[in-house]
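Have a look at my_file.cif below; it lists mmCIF, C-alpha atoms; chains and numbers go by the auth columns.
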```cif
data_query
#
loop_
_atom_site.group_PDB
_atom_site.id
_atom_site.type_symbol
_atom_site.label_atom_id
_atom_site.label_comp_id
_atom_site.label_asym_id
_atom_site.label_seq_id
_atom_site.Cartn_x
_atom_site.Cartn_y
_atom_site.Cartn_z
_atom_site.B_iso_or_equiv
_atom_site.auth_seq_id
_atom_site.auth_asym_id
ATOM 1 C CA SER A 1 -43.348 35.054 43.042 0.00 1 J
ATOM 2 C CA PRO A 2 -42.975 32.165 40.562 0.00 2 J
ATOM 3 C CA ALA A 3 -42.204 32.923 36.937 0.00 3 J
ATOM 4 C CA PRO A 4 -45.234 33.012 34.682 0.00 4 J
ATOM 5 C CA PRO A 5 -45.855 29.805 32.780 0.00 5 J
ATOM 6 C CA PHE A 6 -44.562 29.540 29.215 0.00 6 J
ATOM 7 C CA ILE A 7 -47.079 29.987 26.486 0.00 7 J
ATOM 8 C CA THR A 8 -46.359 29.061 22.894 0.00 8 J
ATOM 9 C CA SER A 9 -45.028 32.472 21.848 0.00 9 J
ATOM 10 C CA THR A 10 -42.734 32.965 24.844 0.00 10 J
ATOM 11 C CA LEU A 11 -41.477 29.387 24.538 0.00 11 J
ATOM 12 C CA GLN A 12 -40.468 30.047 20.949 0.00 12 J
ATOM 13 C CA GLN A 13 -38.730 33.283 21.929 0.00 13 J
ATOM 14 C CA GLU A 14 -36.769 31.599 24.713 0.00 14 J
ATOM 15 C CA ALA A 15 -35.722 28.729 22.465 0.00 15 J
ATOM 16 C CA SER A 16 -34.573 31.190 19.817 0.00 16 J
ATOM 17 C CA ARG A 17 -32.600 33.171 22.407 0.00 17 J
ATOM 18 C CA ARG A 18 -30.858 30.114 23.773 0.00 18 J
ATOM 19 C CA LEU A 19 -30.096 28.639 20.350 0.00 19 J
ATOM 20 C CA GLY A 20 -28.795 31.974 19.160 0.00 20 J
ATOM 21 C CA PHE A 21 -26.485 32.195 22.145 0.00 21 J
ATOM 22 C CA GLN A 22 -25.257 28.651 21.509 0.00 22 J
ATOM 23 C CA ALA A 23 -24.635 29.418 17.840 0.00 23 J
ATOM 24 C CA ARG A 24 -22.676 32.572 18.666 0.00 24 J
ATOM 25 C CA ARG A 25 -20.615 30.723 21.250 0.00 25 J
ATOM 26 C CA THR A 26 -19.905 27.918 18.775 0.00 26 J
ATOM 27 C CA MET A 27 -18.926 30.400 16.073 0.00 27 J
ATOM 28 C CA LYS A 28 -16.580 32.182 18.448 0.00 28 J
ATOM 29 C CA ALA A 29 -14.892 28.931 19.487 0.00 29 J
ATOM 30 C CA ALA A 30 -14.425 27.898 15.855 0.00 30 J
ATOM 31 C CA GLN A 31 -13.042 31.310 14.960 0.00 31 J
ATOM 32 C CA GLU A 32 -10.571 31.216 17.863 0.00 32 J
ATOM 33 C CA LEU A 33 -9.289 27.808 16.751 0.00 33 J
ATOM 34 C CA TYR A 34 -8.952 28.990 13.166 0.00 34 J
ATOM 35 C CA GLU A 35 -7.103 32.151 14.090 0.00 35 J
ATOM 36 C CA GLY A 36 -4.884 30.243 16.524 0.00 36 J
ATOM 37 C CA ALA A 37 -4.004 27.751 13.792 0.00 37 J
ATOM 38 C CA ASN A 38 -3.198 30.526 11.322 0.00 38 J
ATOM 39 C CA ASP A 39 -1.017 32.261 13.907 0.00 39 J
ATOM 40 C CA ALA A 40 0.833 28.986 14.490 0.00 40 J
ATOM 41 C CA MET A 41 1.387 28.651 10.744 0.00 41 J
ATOM 42 C CA GLN A 42 2.841 32.177 10.629 0.00 42 J
ATOM 43 C CA GLU A 43 5.169 31.249 13.486 0.00 43 J
ATOM 44 C CA LYS A 44 6.122 28.011 11.633 0.00 44 J
ATOM 45 C CA ASN A 45 4.784 25.956 14.520 0.00 45 J
ATOM 46 C CA TYR A 46 3.231 23.523 12.060 0.00 46 J
ATOM 47 C CA SER A 47 2.591 20.766 14.582 0.00 47 J
ATOM 48 C CA GLN A 48 0.505 23.111 16.732 0.00 48 J
ATOM 49 C CA ALA A 49 -1.318 24.409 13.678 0.00 49 J
ATOM 50 C CA ALA A 50 -2.191 20.853 12.636 0.00 50 J
ATOM 51 C CA GLN A 51 -3.634 20.184 16.080 0.00 51 J
ATOM 52 C CA TYR A 52 -5.820 23.299 15.904 0.00 52 J
ATOM 53 C CA TYR A 53 -7.017 22.583 12.360 0.00 53 J
ATOM 54 C CA THR A 54 -7.835 18.988 13.305 0.00 54 J
ATOM 55 C CA LYS A 55 -9.772 20.090 16.381 0.00 55 J
ATOM 56 C CA LEU A 56 -11.671 22.645 14.328 0.00 56 J
ATOM 57 C CA LYS A 57 -12.736 20.232 11.597 0.00 57 J
ATOM 58 C CA ASP A 58 -13.635 17.482 14.076 0.00 58 J
ATOM 59 C CA ASN A 59 -15.564 19.596 16.577 0.00 59 J
ATOM 60 C CA PHE A 60 -17.086 22.227 14.279 0.00 60 J
ATOM 61 C CA PRO A 61 -17.666 20.485 10.928 0.00 61 J
ATOM 62 C CA PHE A 62 -20.263 23.033 9.765 0.00 62 J
ATOM 63 C CA SER A 63 -18.480 26.255 10.656 0.00 63 J
ATOM 64 C CA PRO A 64 -17.534 28.682 7.852 0.00 64 J
ATOM 65 C CA TYR A 65 -13.864 28.102 8.723 0.00 65 J
ATOM 66 C CA THR A 66 -13.879 24.323 8.374 0.00 66 J
ATOM 67 C CA VAL A 67 -13.326 23.915 4.645 0.00 67 J
ATOM 68 C CA GLU A 68 -10.285 26.180 4.760 0.00 68 J
ATOM 69 C CA ALA A 69 -9.056 24.338 7.854 0.00 69 J
ATOM 70 C CA GLU A 70 -9.315 20.982 6.053 0.00 70 J
ATOM 71 C CA LEU A 71 -7.122 22.290 3.260 0.00 71 J
ATOM 72 C CA SER A 72 -4.696 24.025 5.587 0.00 72 J
ATOM 73 C CA LEU A 73 -4.303 20.833 7.593 0.00 73 J
ATOM 74 C CA GLY A 74 -2.624 19.249 4.580 0.00 74 J
ATOM 75 C CA ASP A 75 -0.346 22.283 4.274 0.00 75 J
ATOM 76 C CA ALA A 76 0.585 22.101 7.964 0.00 76 J
ATOM 77 C CA PHE A 77 1.548 18.433 7.675 0.00 77 J
ATOM 78 C CA PHE A 78 3.445 19.092 4.435 0.00 78 J
ATOM 79 C CA LEU A 79 5.456 21.989 5.847 0.00 79 J
ATOM 80 C CA ASP A 80 6.182 19.906 8.958 0.00 80 J
ATOM 81 C CA GLY A 81 7.710 17.181 6.798 0.00 81 J
ATOM 82 C CA LYS A 82 4.948 14.698 7.611 0.00 82 J
ATOM 83 C CA TYR A 83 4.371 13.757 3.999 0.00 83 J
ATOM 84 C CA PRO A 84 2.212 10.607 4.380 0.00 84 J
ATOM 85 C CA GLU A 85 -0.136 12.510 6.710 0.00 85 J
ATOM 86 C CA ALA A 86 -0.202 15.431 4.286 0.00 86 J
ATOM 87 C CA ALA A 87 -1.115 13.157 1.375 0.00 87 J
ATOM 88 C CA GLU A 88 -4.001 11.673 3.331 0.00 88 J
ATOM 89 C CA ALA A 89 -5.278 15.098 4.401 0.00 89 J
ATOM 90 C CA TYR A 90 -5.231 16.382 0.813 0.00 90 J
ATOM 91 C CA LYS A 91 -6.947 13.245 -0.480 0.00 91 J
ATOM 92 C CA GLU A 92 -9.637 13.598 2.180 0.00 92 J
ATOM 93 C CA PHE A 93 -10.189 17.197 1.104 0.00 93 J
ATOM 94 C CA GLU A 94 -10.632 16.107 -2.510 0.00 94 J
ATOM 95 C CA SER A 95 -13.149 13.429 -1.542 0.00 95 J
ATOM 96 C CA LEU A 96 -15.166 15.922 0.523 0.00 96 J
ATOM 97 C CA HIS A 97 -14.986 18.839 -1.934 0.00 97 J
ATOM 98 C CA PRO A 98 -14.397 17.438 -5.435 0.00 98 J
ATOM 99 C CA ARG A 99 -15.595 20.633 -7.149 0.00 99 J
ATOM 100 C CA HIS A 100 -13.612 23.063 -5.005 0.00 100 J
ATOM 101 C CA GLU A 101 -11.533 25.607 -6.894 0.00 101 J
ATOM 102 C CA ALA A 102 -8.392 24.444 -5.064 0.00 102 J
ATOM 103 C CA ILE A 103 -8.520 20.881 -6.439 0.00 103 J
ATOM 104 C CA PRO A 104 -5.687 21.433 -8.972 0.00 104 J
ATOM 105 C CA TYR A 105 -3.488 22.562 -6.087 0.00 105 J
ATOM 106 C CA VAL A 106 -4.675 19.626 -3.981 0.00 106 J
ATOM 107 C CA LEU A 107 -3.827 17.079 -6.690 0.00 107 J
ATOM 108 C CA TYR A 108 -0.400 18.645 -7.105 0.00 108 J
ATOM 109 C CA GLN A 109 0.211 18.533 -3.363 0.00 109 J
ATOM 110 C CA VAL A 110 -0.821 14.872 -3.146 0.00 110 J
ATOM 111 C CA GLY A 111 1.766 14.178 -5.827 0.00 111 J
ATOM 112 C CA MET A 112 4.449 16.224 -4.089 0.00 112 J
ATOM 113 C CA SER A 113 3.686 14.641 -0.702 0.00 113 J
ATOM 114 C CA ASN A 114 4.142 11.188 -2.189 0.00 114 J
ATOM 115 C CA LEU A 115 7.242 12.207 -4.119 0.00 115 J
ATOM 116 C CA LYS A 116 8.850 13.669 -0.995 0.00 116 J
ATOM 117 C CA SER A 117 8.099 10.398 0.825 0.00 117 J
ATOM 118 C CA PHE A 118 10.804 8.788 -1.342 0.00 118 J
ATOM 119 C CA ILE A 119 13.652 7.440 0.786 0.00 119 J
ATOM 120 C CA SER A 120 15.994 5.441 -1.451 0.00 120 J
ATOM 121 C CA VAL A 121 16.000 3.272 -4.585 0.00 121 J
ATOM 122 C CA ASP A 122 16.100 0.056 -2.553 0.00 122 J
ATOM 123 C CA ARG A 123 12.684 0.732 -1.016 0.00 123 J
ATOM 124 C CA PRO A 124 9.230 -0.031 -2.491 0.00 124 J
ATOM 125 C CA THR A 125 8.043 2.465 -5.104 0.00 125 J
ATOM 126 C CA THR A 126 4.394 2.685 -3.991 0.00 126 J
ATOM 127 C CA SER A 127 4.529 6.378 -3.077 0.00 127 J
ATOM 128 C CA THR A 128 6.426 7.303 -6.247 0.00 128 J
ATOM 129 C CA GLN A 129 3.905 5.474 -8.412 0.00 129 J
ATOM 130 C CA GLU A 130 1.036 7.247 -6.642 0.00 130 J
ATOM 131 C CA ALA A 131 2.773 10.589 -7.151 0.00 131 J
ATOM 132 C CA LEU A 132 3.031 9.869 -10.868 0.00 132 J
ATOM 133 C CA GLU A 133 -0.665 8.912 -10.941 0.00 133 J
ATOM 134 C CA PHE A 134 -1.803 12.160 -9.302 0.00 134 J
ATOM 135 C CA PHE A 135 0.428 14.334 -11.488 0.00 135 J
ATOM 136 C CA GLY A 136 -1.034 12.535 -14.499 0.00 136 J
ATOM 137 C CA ARG A 137 -4.602 13.113 -13.279 0.00 137 J
ATOM 138 C CA LEU A 138 -3.811 16.769 -12.766 0.00 138 J
ATOM 139 C CA ARG A 139 -2.484 17.218 -16.305 0.00 139 J
ATOM 140 C CA GLU A 140 -5.395 15.317 -17.811 0.00 140 J
ATOM 141 C CA THR A 141 -8.186 16.965 -15.820 0.00 141 J
ATOM 142 C CA TYR A 142 -6.834 20.510 -15.455 0.00 142 J
ATOM 143 C CA PRO A 143 -4.419 20.916 -18.387 0.00 143 J
ATOM 144 C CA ASN A 144 -4.519 24.715 -18.259 0.00 144 J
ATOM 145 C CA SER A 145 -3.788 24.959 -14.553 0.00 145 J
ATOM 146 C CA GLU A 146 -0.481 26.420 -13.412 0.00 146 J
ATOM 147 C CA TYR A 147 -0.040 23.275 -11.329 0.00 147 J
ATOM 148 C CA ALA A 148 -0.403 21.085 -14.408 0.00 148 J
ATOM 149 C CA GLN A 149 2.549 22.912 -15.916 0.00 149 J
ATOM 150 C CA LYS A 150 4.579 22.504 -12.732 0.00 150 J
ATOM 151 C CA SER A 151 3.792 18.799 -12.636 0.00 151 J
ATOM 152 C CA VAL A 152 5.617 18.120 -15.911 0.00 152 J
ATOM 153 C CA GLU A 153 9.049 18.293 -14.287 0.00 153 J
ATOM 154 C CA GLU A 154 7.866 16.328 -11.264 0.00 154 J
ATOM 155 C CA MET A 155 6.607 13.526 -13.514 0.00 155 J
ATOM 156 C CA LYS A 156 10.104 13.343 -14.995 0.00 156 J
ATOM 157 C CA ASN A 157 11.499 13.012 -11.484 0.00 157 J
ATOM 158 C CA CYS A 158 9.056 10.184 -10.743 0.00 158 J
ATOM 159 C CA ARG A 159 10.002 8.344 -13.915 0.00 159 J
ATOM 160 C CA ARG A 160 13.695 8.711 -13.123 0.00 160 J
ATOM 161 C CA LEU A 161 13.238 7.315 -9.605 0.00 161 J
ATOM 162 C CA LEU A 162 11.236 4.360 -10.920 0.00 162 J
ATOM 163 C CA ALA A 163 13.907 3.633 -13.526 0.00 163 J
ATOM 164 C CA GLU A 164 16.658 3.847 -10.912 0.00 164 J
ATOM 165 C CA HIS A 165 14.731 1.417 -8.716 0.00 165 J
ATOM 166 C CA GLU A 166 14.560 -1.090 -11.567 0.00 166 J
ATOM 167 C CA LEU A 167 18.281 -0.589 -12.214 0.00 167 J
ATOM 168 C CA TYR A 168 19.002 -1.259 -8.555 0.00 168 J
ATOM 169 C CA LEU A 169 17.088 -4.554 -8.761 0.00 169 J
ATOM 170 C CA GLY A 170 18.990 -5.514 -11.890 0.00 170 J
ATOM 171 C CA ASP A 171 22.279 -4.805 -10.127 0.00 171 J
ATOM 172 C CA VAL A 172 21.191 -6.949 -7.170 0.00 172 J
ATOM 173 C CA PHE A 173 20.682 -9.915 -9.507 0.00 173 J
ATOM 174 C CA TRP A 174 23.978 -9.131 -11.251 0.00 174 J
ATOM 175 C CA ASN A 175 25.907 -9.095 -7.982 0.00 175 J
ATOM 176 C CA MET A 176 24.336 -12.455 -7.079 0.00 176 J
ATOM 177 C CA ASN A 177 25.525 -13.853 -10.438 0.00 177 J
ATOM 178 C CA ASN A 178 21.873 -14.354 -11.455 0.00 178 J
ATOM 179 C CA TYR A 179 22.466 -13.040 -14.944 0.00 179 J
ATOM 180 C CA GLY A 180 19.195 -14.240 -16.445 0.00 180 J
ATOM 181 C CA PRO A 181 16.965 -12.184 -14.088 0.00 181 J
ATOM 182 C CA ALA A 182 19.462 -9.308 -14.336 0.00 182 J
ATOM 183 C CA TRP A 183 19.272 -9.352 -18.139 0.00 183 J
ATOM 184 C CA ARG A 184 15.470 -9.347 -18.066 0.00 184 J
ATOM 185 C CA ARG A 185 15.402 -6.461 -15.562 0.00 185 J
ATOM 186 C CA TYR A 186 17.835 -4.365 -17.614 0.00 186 J
ATOM 187 C CA THR A 187 15.860 -5.122 -20.774 0.00 187 J
ATOM 188 C CA TYR A 188 12.669 -4.004 -19.014 0.00 188 J
ATOM 189 C CA ILE A 189 14.296 -0.627 -18.337 0.00 189 J
ATOM 190 C CA VAL A 190 15.371 -0.232 -21.966 0.00 190 J
ATOM 191 C CA ASP A 191 11.859 -1.065 -23.187 0.00 191 J
ATOM 192 C CA ASN A 192 9.877 0.978 -20.655 0.00 192 J
ATOM 193 C CA PHE A 193 12.030 3.996 -19.770 0.00 193 J
ATOM 194 C CA PRO A 194 13.323 5.493 -23.036 0.00 194 J
ATOM 195 C CA ASP A 195 12.376 8.877 -21.547 0.00 195 J
ATOM 196 C CA VAL A 196 15.115 8.436 -18.920 0.00 196 J
ATOM 197 C CA PRO A 197 18.093 8.197 -21.293 0.00 197 J
ATOM 198 C CA GLU A 198 20.829 8.366 -18.662 0.00 198 J
ATOM 199 C CA VAL A 199 19.424 5.243 -16.993 0.00 199 J
ATOM 200 C CA SER A 200 18.226 3.352 -20.069 0.00 200 J
ATOM 201 C CA ALA A 201 21.577 3.778 -21.859 0.00 201 J
ATOM 202 C CA HIS A 202 23.419 2.306 -18.896 0.00 202 J
ATOM 203 C CA ALA A 203 20.840 -0.477 -18.618 0.00 203 J
ATOM 204 C CA LYS A 204 21.350 -1.332 -22.297 0.00 204 J
ATOM 205 C CA GLU A 205 25.068 -1.851 -21.747 0.00 205 J
ATOM 206 C CA LYS A 206 24.435 -3.968 -18.677 0.00 206 J
ATOM 207 C CA ALA A 207 21.766 -5.959 -20.524 0.00 207 J
ATOM 208 C CA LEU A 208 24.253 -6.974 -23.215 0.00 208 J
ATOM 209 C CA SER A 209 26.840 -8.048 -20.647 0.00 209 J
ATOM 210 C CA ALA A 210 24.241 -9.866 -18.570 0.00 210 J
ATOM 211 C CA TYR A 211 22.942 -11.708 -21.624 0.00 211 J
ATOM 212 C CA TYR A 212 26.390 -12.971 -22.621 0.00 212 J
ATOM 213 C CA ARG A 213 27.110 -14.108 -19.077 0.00 213 J
ATOM 214 C CA TYR A 214 23.694 -15.722 -18.869 0.00 214 J
ATOM 215 C CA ARG A 215 24.370 -17.659 -22.071 0.00 215 J
ATOM 216 C CA GLU A 216 27.751 -18.744 -20.696 0.00 216 J
ATOM 217 C CA GLN A 217 26.031 -19.990 -17.546 0.00 217 J
ATOM 218 C CA GLN A 218 23.519 -21.917 -19.628 0.00 218 J
ATOM 219 C CA SER A 219 26.301 -23.483 -21.716 0.00 219 J
ATOM 220 C CA GLN A 220 28.248 -24.412 -18.606 0.00 220 J
ATOM 221 C CA LYS A 221 25.193 -26.053 -17.074 0.00 221 J
ATOM 222 C CA ALA A 222 24.593 -27.976 -20.291 0.00 222 J
ATOM 223 C CA ARG A 223 28.213 -29.187 -20.343 0.00 223 J
ATOM 224 C CA GLU A 224 28.004 -30.214 -16.716 0.00 224 J
ATOM 225 C CA GLN A 225 24.810 -32.151 -17.364 0.00 225 J
ATOM 226 C CA ILE A 226 26.412 -33.988 -20.296 0.00 226 J
ATOM 227 C CA GLN A 227 29.537 -34.710 -18.313 0.00 227 J
ATOM 228 C CA GLY A 228 27.472 -35.901 -15.387 0.00 228 J
ATOM 229 C CA SER A 229 25.534 -38.249 -17.638 0.00 229 J
ATOM 230 C CA TRP A 230 28.738 -39.818 -19.061 0.00 230 J
ATOM 231 C CA LYS A 231 30.230 -40.021 -15.573 0.00 231 J
ATOM 232 C CA ARG A 232 27.290 -42.130 -14.413 0.00 232 J
ATOM 233 C CA TRP A 233 27.958 -44.536 -17.288 0.00 233 J
ATOM 234 C CA PHE A 234 31.652 -44.792 -16.418 0.00 234 J
ATOM 235 C CA ASP A 235 30.826 -45.330 -12.752 0.00 235 J
ATOM 236 C CA TRP A 236 28.466 -48.163 -13.752 0.00 236 J
ATOM 237 C CA LEU A 237 31.160 -49.759 -15.883 0.00 237 J
#
```
Structure encoded using structure tokens:
Amino acid sequence: SPAPPFITSTLQQEASRRLGFQARRTMKAAQELYEGANDAMQEKNYSQAAQYYTKLKDNFPFSPYTVEAELSLGDAFFLDGKYPEAAEAYKEFESLHPRHEAIPYVLYQVGMSNLKSFISVDRPTTSTQEALEFFGRLRETYPNSEYAQKSVEEMKNCRRLLAEHELYLGDVFWNMNNYGPAWRRYTYIVDNFPDVPEVSAHAKEKALSAYYRYREQQSQKAREQIQGSWKRWFDWL
């Protein structure tokens, strides 16, 4: 015989049963992804863990495991040596959860991810400057945090790398015999990086030498211009 027709009360009961089943199934799927990701982290399979955490946060954004997965995604990238991806994951976490208790850690990790992205002094310093910015924010906003204390030494490392980059540029000009730009670059280091004495002291010595050579170049050019002017007169005569 056909099933009895739904009335309002039975319709509500059936809807509740089906939605409850769907919710339980969704929760189970999210939990399995979370546990699988954590197992992968324990096994140091960070790439697999990142895939699971990403799938969890994308497919189950409202599960009770998602916030932790968003944070752990940054850790998975960081431990896998994918520092630009880690920095972006941590920054996304901060934007989504600015009042979360882990924000001091997140700011520190953004700084460390950028700092570890450093390749060599001849490359752009964008990541190093951003690392310095986030360490500074951390110390200013959470001065009593353990991560603020740890950031002090890392800020020194950032400043040293920035100073060494400027020194490299000065040396490039020096080796090209462009002593004027070299002198100005070395002087910039002396004026702006007194907190990096091993670099600024060397830059001061190079600045003096570059200045004298620059003045010699200027004098030589002036003599050549004068000689050229007289030569034109003698050629005319």
TODO: Find the spatial neighbours of Leu71 in chain J, counting all atoms listed in the file, within a cut-off of 9 Å - ignore same-chain residues fewer than 5 positions away - and output them as a list of chain:residue names.
DONE: J:Thr66, J:Ala89, J:Tyr90, J:Phe93, J:Ala102, J:Val106
Could you tell me, as a short mmCIF file (atom, residue, chain, number, x, y, z; two decimals) with C-alpha atoms, keeping the file's coordinate frame, exactly which residues end up selected when the PyMOL selection byres ((chain J and resi 74) around 10) is applied to this structure?
```
data_model
loop_
_atom_site.label_atom_id
_atom_site.label_comp_id
_atom_site.auth_asym_id
_atom_site.auth_seq_id
_atom_site.Cartn_x
_atom_site.Cartn_y
_atom_site.Cartn_z
CA ALA J 50 -2.19 20.85 12.64
CA TYR J 53 -7.02 22.58 12.36
CA ALA J 69 -9.06 24.34 7.85
CA GLU J 70 -9.32 20.98 6.05
CA LEU J 71 -7.12 22.29 3.26
CA SER J 72 -4.70 24.02 5.59
CA LEU J 73 -4.30 20.83 7.59
CA ASP J 75 -0.35 22.28 4.27
CA ALA J 76 0.58 22.10 7.96
CA PHE J 77 1.55 18.43 7.68
CA PHE J 78 3.44 19.09 4.43
CA LEU J 79 5.46 21.99 5.85
CA ASP J 80 6.18 19.91 8.96
CA LYS J 82 4.95 14.70 7.61
CA TYR J 83 4.37 13.76 4.00
CA PRO J 84 2.21 10.61 4.38
CA GLU J 85 -0.14 12.51 6.71
CA ALA J 86 -0.20 15.43 4.29
CA ALA J 87 -1.12 13.16 1.38
CA GLU J 88 -4.00 11.67 3.33
CA ALA J 89 -5.28 15.10 4.40
CA TYR J 90 -5.23 16.38 0.81
CA LYS J 91 -6.95 13.24 -0.48
CA GLU J 92 -9.64 13.60 2.18
CA PHE J 93 -10.19 17.20 1.10
CA VAL J 106 -4.68 19.63 -3.98
CA GLN J 109 0.21 18.53 -3.36
CA VAL J 110 -0.82 14.87 -3.15
CA SER J 113 3.69 14.64 -0.70
#
```
- [ ] State, in Å with one decimal place, the distance from CA of Phe173 in chain J to CA of Leu161 in chain J.
- [x]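 Distance between the two atoms: 18.8 Å.
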Open item on the list: If we draw a sphere of 9 Å around (2.4, 13.4, -16.2), which residues have at least one atom in it when counting all atoms listed in the file? Please report them as a VMD selection string.
Closed with: chain J and resid 132 to 140 148 151 to 156
Open item on the list: Suppose a student applies the PyMOL selection byres ((chain J and resi 124) around 12) to this structure; what residues should they get, written as a VMD selection string?
Closed with: chain J and resid 117 to 123 125 to 130 161 to 162 164 to 166 168 to 169
TODO: List the residues matched by the PyMOL selection byres ((chain J and resi 65) around 12) in the displayed structure as a ChimeraX atom specification, ordered by chain and then by residue number.
DONE: /J:26-35,37-38,52-64,66-72
Open item on the list: For Pro197 in chain J, find every residue with an atom within 12 Å (counting all atoms listed in the file), except residues of its own chain fewer than 6 positions away, and show them as a count of residues only.
Closed with: 10
Open item on the list: To one decimal place in Å, what is the distance between CA of Tyr108 in chain J and CA of Ser47 in chain J?
Closed with: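 Pair CA of Tyr108 in chain J / CA of Ser47 in chain J returns 22.0 Å.
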Open item on the list: Between CA of Arg213 in chain J and CA of Val172 in chain J, what distance in Å does the model show, to one decimal?
Closed with: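 Calculated distance between CA of Arg213 in chain J and CA of Val172 in chain J is 15.1 Å.
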Open item on the list: Around the point (19.8, -20.1, -19.7) (coordinates from the file), which residues reach within 12 Å if we count all atoms listed in the file? Answer as a PyMOL selection string.
Closed with: chain J and resi 178-181+183-184+210-222
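Taking only C-alpha atoms into account, Ala207 in chain J lies nearest to J:Tyr186 out of the set J:Trp174, J:Tyr46, J:Tyr142, J:Tyr186.
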Listed atoms of range 42-51 of chain J boxed along x, y and z, 3 Å each side, centre and edge lengths in Å, one decimal, as lines of an AutoDock Vina configuration file:
```
center_x = 1.2
center_y = 26.2
center_z = 13.7
size_x = 15.8
size_y = 18.0
size_z = 12.1
```
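Distances from J:Leu96, J:Met176, J:Leu167, J:Leu115 to Glu205 in chain J were compared using only C-alpha atoms, and the smallest one belongs to J:Leu167.
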